[in-house]
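Trainee: My file is my_file_3.csv. It has CSV, C-alpha atoms and all ligand atoms:
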```csv
chain,number,residue,atom,x,y,z
A,266,MET,CA,-4.0,-22.3,21.6
A,267,PRO,CA,-4.9,-25.4,19.6
A,268,ALA,CA,-5.0,-24.8,15.9
A,269,ALA,CA,-8.1,-27.0,15.3
A,270,GLY,CA,-10.7,-24.9,13.6
A,271,HIS,CA,-8.6,-21.8,13.7
A,272,HIS,CA,-7.2,-20.4,10.4
A,273,CYS,CA,-4.1,-18.3,10.0
A,274,GLY,CA,-2.1,-17.4,7.0
A,275,THR,CA,-0.8,-14.7,4.7
A,276,VAL,CA,-2.6,-13.3,1.7
A,277,VAL,CA,-0.8,-10.9,-0.6
A,278,LEU,CA,-2.6,-8.0,-2.2
A,279,ALA,CA,-1.2,-7.9,-5.7
A,280,GLY,CA,-2.1,-5.9,-8.8
A,281,ARG,CA,-1.1,-3.3,-11.2
A,282,PRO,CA,-0.3,0.2,-10.0
A,283,ASN,CA,-3.4,2.3,-8.9
A,284,ALA,CA,-5.7,-0.7,-8.8
A,285,GLY,CA,-6.6,0.1,-5.2
A,286,LYS,CA,-4.6,-2.4,-3.2
A,287,SER,CA,-3.7,0.0,-0.4
A,288,THR,CA,-7.2,1.4,-0.2
A,289,LEU,CA,-8.4,-2.2,0.1
A,290,LEU,CA,-5.9,-3.1,2.8
A,291,ASN,CA,-7.0,-0.1,4.8
A,292,ALA,CA,-10.7,-0.9,4.3
A,293,LEU,CA,-10.3,-4.5,5.3
A,294,MET,CA,-8.4,-3.5,8.4
A,295,GLY,CA,-10.9,-0.7,9.2
A,296,GLN,CA,-7.9,1.7,9.7
A,297,LYS,CA,-5.3,3.4,7.6
A,298,LEU,CA,-2.0,1.6,7.5
A,299,SER,CA,-0.9,2.1,3.9
A,300,ILE,CA,-0.7,5.4,2.1
A,301,VAL,CA,-3.0,6.1,-0.9
A,302,THR,CA,-2.9,8.7,-3.7
A,303,PRO,CA,-4.4,9.0,-7.1
A,304,LYS,CA,-0.9,8.6,-8.6
A,305,ALA,CA,0.4,5.3,-9.7
A,306,GLN,CA,3.4,3.7,-7.9
A,307,THR,CA,2.5,5.2,-4.5
A,308,THR,CA,3.4,2.1,-2.4
A,309,ARG,CA,7.1,1.4,-2.3
A,310,TYR,CA,7.3,-1.0,0.6
A,311,ARG,CA,5.6,-4.1,1.7
A,312,ILE,CA,3.4,-3.6,4.7
A,313,LEU,CA,1.4,-6.1,6.7
A,314,GLY,CA,-2.1,-5.6,8.1
A,315,VAL,CA,-3.1,-8.3,10.7
A,316,LEU,CA,-6.8,-8.9,10.9
A,317,THR,CA,-7.6,-10.9,14.0
A,318,ARG,CA,-11.0,-12.4,14.8
A,319,PRO,CA,-11.9,-15.4,17.1
A,320,GLU,CA,-12.0,-17.9,14.1
A,321,PHE,CA,-9.0,-16.6,12.1
A,322,GLN,CA,-6.0,-14.4,11.8
A,323,LEU,CA,-5.7,-13.0,8.3
A,324,ILE,CA,-2.3,-11.5,7.5
A,325,LEU,CA,-2.7,-9.2,4.6
A,326,GLN,CA,0.4,-8.0,2.7
A,327,ASP,CA,0.2,-4.8,0.7
A,328,THR,CA,2.7,-4.6,-2.1
A,329,PRO,CA,3.9,-2.1,-4.7
A,330,GLY,CA,2.1,-2.2,-8.0
A,331,LEU,CA,3.5,-4.6,-10.5
A,332,GLY,CA,4.3,-3.9,-14.1
A,333,ALA,CA,5.5,-0.3,-13.8
A,334,ALA,CA,8.0,0.7,-16.4
A,335,GLY,CA,11.5,2.1,-15.6
A,336,GLY,CA,14.8,0.6,-14.9
A,337,ARG,CA,15.8,2.8,-12.0
A,338,ARG,CA,17.1,1.0,-8.9
A,339,LEU,CA,14.2,2.2,-6.9
A,340,ASN,CA,11.8,0.7,-9.4
A,341,GLN,CA,13.7,-2.6,-9.4
A,342,SER,CA,13.6,-2.6,-5.6
A,343,MET,CA,9.8,-2.1,-5.7
A,344,LYS,CA,9.4,-4.9,-8.1
A,345,GLN,CA,11.5,-7.1,-5.8
A,346,GLU,CA,9.4,-6.1,-2.8
A,347,ALA,CA,6.2,-7.2,-4.7
A,348,ALA,CA,7.8,-10.4,-5.8
A,349,ALA,CA,8.9,-11.2,-2.2
A,350,GLY,CA,5.4,-10.5,-1.0
A,351,ILE,CA,4.0,-12.9,-3.5
A,352,ALA,CA,6.5,-15.6,-2.7
A,353,ALA,CA,5.8,-15.4,1.1
A,354,ALA,CA,2.0,-15.8,0.8
A,355,ASP,CA,-0.4,-18.7,1.2
A,356,ALA,CA,-2.9,-17.2,-1.3
A,357,ALA,CA,-3.5,-14.0,-3.2
A,358,ILE,CA,-6.1,-11.3,-3.6
A,359,MET,CA,-5.5,-10.0,-7.1
A,360,VAL,CA,-6.9,-6.5,-7.3
A,361,VAL,CA,-8.2,-5.2,-10.7
A,362,GLY,CA,-10.3,-2.2,-11.6
A,363,ALA,CA,-13.8,-2.7,-12.7
A,364,THR,CA,-13.2,-1.5,-16.2
A,365,ARG,CA,-11.3,-3.7,-18.6
A,366,TRP,CA,-8.6,-6.3,-18.4
A,367,SER,CA,-5.2,-4.8,-19.4
A,368,ALA,CA,-1.8,-6.2,-20.4
A,369,ALA,CA,-0.6,-5.1,-17.0
A,370,ASP,CA,-3.3,-7.2,-15.3
A,371,GLU,CA,-2.3,-10.2,-17.5
A,372,ALA,CA,1.3,-9.8,-16.3
A,373,VAL,CA,0.3,-9.8,-12.7
A,374,LEU,CA,-1.8,-12.9,-13.2
A,375,LEU,CA,1.1,-14.7,-14.8
A,376,GLN,CA,3.3,-13.9,-11.9
A,377,LEU,CA,0.7,-15.0,-9.4
A,378,ARG,CA,0.0,-18.2,-11.3
A,379,ALA,CA,3.6,-19.2,-11.0
A,380,ALA,CA,3.3,-19.1,-7.2
A,381,GLY,CA,0.8,-22.0,-7.6
A,382,TYR,CA,-1.6,-21.1,-4.8
A,383,PRO,CA,-5.3,-20.1,-5.0
A,384,ILE,CA,-6.1,-16.6,-6.3
A,385,VAL,CA,-9.2,-14.6,-5.3
A,386,LEU,CA,-10.0,-11.9,-7.8
A,387,ALA,CA,-11.2,-8.6,-6.2
A,388,VAL,CA,-12.9,-6.5,-8.9
A,389,ASN,CA,-12.5,-3.1,-7.3
A,390,LYS,CA,-14.0,0.3,-7.9
A,391,ILE,CA,-17.5,-1.0,-8.7
A,392,ASP,CA,-18.9,2.3,-7.3
A,393,ARG,CA,-17.9,3.7,-10.7
A,394,VAL,CA,-20.0,1.3,-12.7
A,395,GLN,CA,-23.5,2.4,-13.3
A,396,PRO,CA,-25.9,0.7,-13.9
A,397,LYS,CA,-24.6,-2.4,-12.1
A,398,GLU,CA,-25.7,-4.8,-14.9
A,399,ARG,CA,-22.7,-3.4,-16.8
A,400,LEU,CA,-20.5,-5.5,-14.6
A,401,LEU,CA,-21.9,-8.8,-15.8
A,402,PRO,CA,-20.0,-9.1,-19.1
A,403,LEU,CA,-16.8,-8.0,-17.4
A,404,LEU,CA,-17.2,-10.7,-14.6
A,405,GLN,CA,-17.9,-13.3,-17.3
A,406,ASP,CA,-14.8,-12.3,-19.2
A,407,LEU,CA,-12.7,-12.4,-16.0
A,408,ALA,CA,-14.0,-15.9,-15.0
A,409,GLU,CA,-12.6,-17.3,-18.3
A,410,ARG,CA,-9.1,-16.0,-17.7
A,411,HIS,CA,-8.2,-18.2,-14.7
A,412,PRO,CA,-10.0,-20.7,-12.4
A,413,PHE,CA,-10.1,-18.1,-9.6
A,414,ALA,CA,-11.0,-19.4,-6.2
A,415,ALA,CA,-13.6,-16.7,-6.1
A,416,ILE,CA,-14.4,-13.5,-8.0
A,417,VAL,CA,-15.7,-10.7,-5.6
A,418,PRO,CA,-16.8,-7.3,-6.9
A,419,VAL,CA,-15.9,-4.7,-4.2
A,420,SER,CA,-15.6,-1.0,-3.6
A,421,ALA,CA,-12.6,-0.5,-1.3
A,422,LEU,CA,-13.5,3.2,-1.3
A,423,ARG,CA,-17.1,2.7,-0.1
A,424,GLY,CA,-16.4,-0.5,1.9
A,425,GLU,CA,-18.8,-2.5,-0.3
A,426,ASN,CA,-18.8,-6.3,-0.2
A,427,LEU,CA,-15.7,-6.6,2.0
A,428,GLU,CA,-17.1,-9.3,4.3
A,429,ARG,CA,-17.6,-11.5,1.3
A,430,LEU,CA,-14.0,-11.0,0.3
A,431,ILE,CA,-12.8,-11.9,3.8
A,432,GLU,CA,-14.9,-15.1,3.8
A,433,ALA,CA,-13.5,-16.1,0.4
A,434,VAL,CA,-9.9,-15.8,1.5
A,435,VAL,CA,-10.2,-17.1,5.0
A,436,GLN,CA,-11.4,-20.4,3.6
A,437,LEU,CA,-8.1,-20.7,1.8
A,438,LEU,CA,-5.9,-20.3,4.9
A,439,PRO,CA,-4.2,-23.2,6.5
A,440,GLN,CA,-5.4,-24.4,10.0
A,441,ALA,CA,-2.9,-22.8,12.3
A,442,ALA,CA,-2.6,-20.9,15.6
A,443,PRO,CA,-2.3,-17.1,15.4
A,444,ALA,CA,1.1,-15.9,14.3
A,445,PHE,CA,0.7,-12.4,15.9
A,446,PRO,CA,-0.6,-11.2,19.3
A,447,ALA,CA,-4.3,-10.2,18.9
A,448,GLU,CA,-3.6,-6.5,19.5
A,449,GLN,CA,-0.9,-6.2,16.8
A,450,VAL,CA,-2.2,-4.7,13.6
A,451,THR,CA,1.0,-4.3,11.6
A,452,ASP,CA,4.6,-5.2,11.3
A,453,ARG,CA,5.6,-1.6,10.8
A,454,SER,CA,6.8,0.9,13.4
A,455,GLU,CA,5.2,4.2,14.2
A,456,ARG,CA,8.4,5.8,12.8
A,457,PHE,CA,7.8,4.0,9.5
A,458,LEU,CA,4.2,5.0,9.4
A,459,ALA,CA,5.1,8.6,10.1
A,460,ALA,CA,7.5,8.7,7.2
A,461,GLU,CA,4.8,7.3,4.9
A,462,VAL,CA,2.2,9.8,6.0
A,463,ILE,CA,4.6,12.7,5.2
A,464,ARG,CA,5.4,11.1,1.8
A,465,GLU,CA,1.7,10.8,1.1
A,466,LYS,CA,1.0,14.5,1.7
A,467,LEU,CA,4.0,15.3,-0.5
A,468,MET,CA,2.8,13.1,-3.3
A,469,LEU,CA,-0.6,14.7,-3.1
A,470,ALA,CA,0.9,18.2,-3.3
A,471,LEU,CA,3.4,17.5,-6.1
A,472,HIS,CA,2.9,16.8,-9.8
A,473,ASP,CA,4.5,15.3,-12.9
A,474,GLU,CA,7.8,13.5,-12.1
A,475,VAL,CA,8.5,15.3,-8.8
A,476,PRO,CA,6.6,12.8,-6.5
A,477,TYR,CA,8.8,10.0,-7.8
A,478,GLY,CA,12.0,11.9,-7.0
A,479,ILE,CA,11.3,12.3,-3.3
A,480,ALA,CA,11.8,10.1,-0.2
A,481,VAL,CA,11.2,10.7,3.5
A,482,GLU,CA,13.6,9.7,6.2
A,483,ILE,CA,12.8,10.1,9.9
A,484,GLU,CA,16.0,11.3,11.6
A,485,ARG,CA,14.5,11.7,15.1
A,486,PHE,CA,11.3,10.3,16.7
A,487,GLU,CA,11.2,11.1,20.4
A,488,GLU,CA,8.5,11.1,23.0
A,489,THR,CA,8.7,14.0,25.4
A,490,LEU,CA,8.0,13.7,29.1
A,491,ASP,CA,4.7,15.5,28.7
A,492,GLY,CA,3.5,12.9,26.1
A,493,ARG,CA,4.2,14.7,22.8
A,494,VAL,CA,6.1,13.2,19.9
A,495,GLU,CA,8.9,15.2,18.3
A,496,ILE,CA,9.6,14.2,14.7
A,497,ASP,CA,12.5,15.4,12.6
A,498,ALA,CA,12.0,14.4,8.9
A,499,VAL,CA,14.4,14.8,6.0
A,500,ILE,CA,12.7,15.0,2.6
A,501,TRP,CA,15.3,13.8,0.0
A,502,VAL,CA,15.0,15.2,-3.5
A,503,GLU,CA,16.9,14.1,-6.6
A,504,ARG,CA,17.5,17.5,-8.3
A,505,GLU,CA,18.0,21.1,-7.1
A,506,GLY,CA,14.9,22.1,-9.1
A,507,GLN,CA,12.8,19.7,-7.0
A,508,ARG,CA,13.9,21.3,-3.8
A,509,LYS,CA,12.5,24.6,-4.9
A,510,ILE,CA,9.2,22.9,-6.0
A,511,VAL,CA,8.8,21.0,-2.7
A,512,ILE,CA,9.4,24.2,-0.6
A,513,GLY,CA,7.2,26.3,-2.8
A,514,THR,CA,7.0,30.1,-3.0
A,515,ALA,CA,7.9,31.6,0.4
A,516,GLY,CA,7.8,28.1,1.8
A,517,GLU,CA,4.1,27.8,1.3
A,518,ARG,CA,3.9,24.2,-0.1
A,519,LEU,CA,6.2,22.7,2.5
A,520,LYS,CA,4.2,24.5,5.3
A,521,ALA,CA,0.9,23.1,4.0
A,522,VAL,CA,2.4,19.5,3.6
A,523,GLY,CA,3.8,19.7,7.2
A,524,ARG,CA,0.4,20.8,8.5
A,525,ASP,CA,-1.5,18.1,6.8
A,526,ALA,CA,1.0,15.5,7.9
A,527,ARG,CA,1.0,16.7,11.5
A,528,LEU,CA,-2.8,16.6,11.7
A,529,GLU,CA,-3.0,13.0,10.5
A,530,LEU,CA,-0.1,12.0,12.7
A,531,ASN,CA,-1.8,13.5,15.7
A,532,ASP,CA,-4.7,11.0,15.1
A,533,LEU,CA,-2.6,8.1,14.0
A,534,LEU,CA,-0.2,8.3,17.0
A,535,GLY,CA,-2.9,9.4,19.4
A,536,ARG,CA,-0.5,12.0,20.8
A,537,ARG,CA,0.4,15.6,19.9
A,538,VAL,CA,3.0,15.7,17.2
A,539,HIS,CA,5.7,18.3,16.7
A,540,LEU,CA,7.0,17.9,13.2
A,541,SER,CA,10.1,19.6,11.7
A,542,THR,CA,11.1,19.0,8.1
A,543,TRP,CA,14.3,19.6,6.1
A,544,VAL,CA,14.5,19.3,2.3
A,545,LYS,CA,17.9,17.9,1.2
A,546,LEU,CA,19.4,17.2,-2.1
A,547,ARG,CA,21.0,13.8,-2.9
A,548,GLU,CA,21.5,13.8,-6.7
A,549,GLY,CA,20.3,10.6,-8.3
A,550,TRP,CA,19.3,8.9,-5.0
A,551,THR,CA,16.7,6.7,-6.8
A,552,GLY,CA,19.7,5.0,-8.4
A,553,ASP,CA,22.0,5.0,-5.4
A,554,ASP,CA,21.9,1.6,-3.6
A,555,ARG,CA,23.5,3.0,-0.4
A,556,LEU,CA,20.8,5.6,0.1
A,557,LEU,CA,18.1,3.2,-1.0
A,558,ARG,CA,19.2,0.8,1.8
A,559,GLN,CA,19.3,3.6,4.3
A,560,LEU,CA,15.6,4.2,3.3
A,561,GLY,CA,14.7,0.6,4.0
A,562,HIS,CA,14.7,-0.6,0.4
A,563,GLU,CA,16.4,-3.8,-0.7
A,564,PRO,CA,17.8,-3.1,-4.2
A,565,PRO,CA,18.3,-6.5,-6.1
B,1,LIG,N1,-13.9,5.1,-7.1
B,1,LIG,C1,-13.0,4.3,-6.4
B,1,LIG,N2,-11.7,4.7,-6.3
B,1,LIG,C2,-10.9,3.9,-5.6
B,1,LIG,C3,-11.4,2.7,-5.0
B,1,LIG,N3,-10.3,2.1,-4.4
B,1,LIG,C4,-9.2,2.9,-4.6
B,1,LIG,N4,-9.6,4.0,-5.3
B,1,LIG,C5,-8.7,5.1,-5.7
B,1,LIG,O1,-7.7,4.7,-6.6
B,1,LIG,C6,-6.5,5.4,-6.4
B,1,LIG,C7,-5.4,4.5,-6.1
B,1,LIG,O2,-5.6,3.8,-4.9
B,1,LIG,P1,-4.4,3.1,-4.1
B,1,LIG,O3,-5.0,2.3,-3.0
B,1,LIG,O4,-3.3,4.0,-3.8
B,1,LIG,O5,-3.9,2.0,-5.3
B,1,LIG,P2,-2.7,1.0,-5.2
B,1,LIG,O6,-3.1,-0.2,-6.0
B,1,LIG,O7,-2.3,0.8,-3.8
B,1,LIG,O8,-1.6,1.8,-6.0
B,1,LIG,P3,0.0,1.6,-6.0
B,1,LIG,O9,0.4,1.7,-4.5
B,1,LIG,O10,0.5,2.9,-6.7
B,1,LIG,O11,0.3,0.4,-6.7
B,1,LIG,C8,-6.8,6.4,-5.3
B,1,LIG,O12,-7.2,7.6,-5.8
B,1,LIG,C9,-8.0,5.7,-4.6
B,1,LIG,O13,-8.8,6.6,-3.9
B,1,LIG,C10,-12.7,2.3,-5.2
B,1,LIG,O14,-13.2,1.3,-4.7
B,1,LIG,N5,-13.5,3.2,-5.9
B,2,MG,MG,-0.5,1.1,-2.9
```
What would you get if you wrote out this structure as structure tokens?
Ligand SMILES: Nc1nc2c(ncn2[C@@H]2O[C@H](COP(=O)(O)OP(=O)(O)OP(=O)(O)O)[C@@H](O)[C@H]2O)c(=O)[nH]1
Ligand SMILES: [Mg+2]
Mentor:
Amino acid sequence: MPAAGHHCGTVVLAGRPNAGKSTLLNALMGQKLSIVTPKAQTTRYRILGVLTRPEFQLILQDTPGLGAAGGRRLNQSMKQEAAAGIAAADAAIMVVGATRWSAADEAVLLQLRAAGYPIVLAVNKIDRVQPKERLLPLLQDLAERHPFAAIVPVSALRGENLERLIEAVVQLLPQAAPAFPAEQVTDRSERFLAAEVIREKLMLALHDEVPYGIAVEIERFEETLDGRVEIDAVIWVEREGQRKIVIGTAGERLKAVGRDARLELNDLLGRRVHLSTWVKLREGWTGDDRLLRQLGHEPP
């Protein structure tokens, strides 16, 4: 296909933890690809969403939140994932909350500026601002911080103003032929998405430090002849105490997590899912490069 008039390029979604990057990716795509929880540092991996329309192919890259504290190898790997996502892009959507500019936002902007490409600022969670006039002073303040290519107030949660955001970024993309087949929506496998859905349900069910000490690994992902999918998942925990918490009294918590995950996977995969889970202890895995690599991380 000739590239004339057709735009294609990669736009990284970058921002501090919890700004709403993954919610925005899913909303722009019109389907859930990246997991979302109210807890900071939910996203650990980069994930692409490929939005294809006749005039453009917008390759969106979700990244882990930037500026999280902590020197553990897992955190370093997340930071590296975000940096690699920023390096590989043609432009950025910087996601901030519609409250106030923080030191963490400033750090993200510095990192994006160094990339040297245009930045569109998505001011997210505007559904929380009432009355709407209260946004104006914030938008003025934001406009003075950087010559953003555009500043677009949005609500990823409610799907507000997303077409304007798409228009603003598509303009910035190079003229090029599509990089992905039109029917491809992500670079990630069903196996990866399944592990992430299970991790999301775990993170939602767990509190304090526990969500940060768990990881999910799919050991078996098999389609049966009658069209079901059988999934064996290992839930890694860092400490013996975490195993007990994940399993819960009489196994109740793990059972509920498994049910929630299975229901969502039925929809996601469009097939009946049979899910088996095992909770296993690997002391200090968040600092163990070998297990991190096994889990698809790339510790620096
Ligand atoms: N009210 C409101 N909440 C939102 C909006 N967008 C996201 N959220 C909520 O903000 C929380 C964090 O959303 P995520 O999409 O996981 O944020 P993230 O930036 O991907 O976070 P990390 O992956 O941890 O860096 C979730 O509870 C979302 O439901 C929005 O437009 N309005
Ligand atoms: Mg996220």
Trainee: Point out the residue among A:Met359, A:Ala441, A:Gly332, A:Leu323 with the least atom-to-atom distance to Tyr382 of chain A, counting all atoms listed in the file.
Mentor: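 Looking only at the distances to Tyr382 of chain A, the closest residue turns out to be A:Met359.
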Trainee: My list of candidates is A:Leu438, A:Val544, A:Leu339, A:Val315. Which is closest to Pro564 of chain A when distances are computed with only C-alpha atoms?
Mentor: A:Leu339
Trainee: In terms of the shortest atom-to-atom distance over all atoms listed in the file, which of A:Pro476, A:Gly330, A:Gly295, A:Gly535 is closest to Gly314 of chain A?
Mentor: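 Ranking A:Pro476, A:Gly330, A:Gly295, A:Gly535 by distance to Gly314 of chain A, first place goes to A:Gly295.
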Trainee: For ligand MG 2 (chain B), return the neighbouring residues as number ranges by chain (distance at most 10 Å; only C-alpha atoms and all ligand atoms).
Mentor: A: 278-290, 299-312, 327-330
Trainee: Would you list the residues near (-4.4, -7.7, 18.8) (no more than 12 Å away, in the coordinates of the file, using all atoms listed in the file) as a ChimeraX atom specification?
Mentor: /A:294,314-319,322-323,443-452
Trainee: I'd like the interatomic distance between atom CA of Arg338 of chain A and atom CA of Ala526 of chain A, to a tenth of an Å.
Mentor: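 If I compute the distance from atom CA of Arg338 of chain A to atom CA of Ala526 of chain A, I get 27.4 Å.
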Trainee: Have a look at atom CA of Lys545 of chain A and atom CA of Pro565 of chain A and let me know their distance in Å, one decimal.
Mentor: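 Distance reported for this atom pair: 25.5 Å.
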Trainee: Determine the nearest neighbour of ligand LIG 1 (chain B) from the options A:Val388, A:Ile416, A:Ala515, A:Leu560, counting all atoms listed in the file.
Mentor: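 Looking at the shortest contact to ligand LIG 1 (chain B), the residue is A:Val388.
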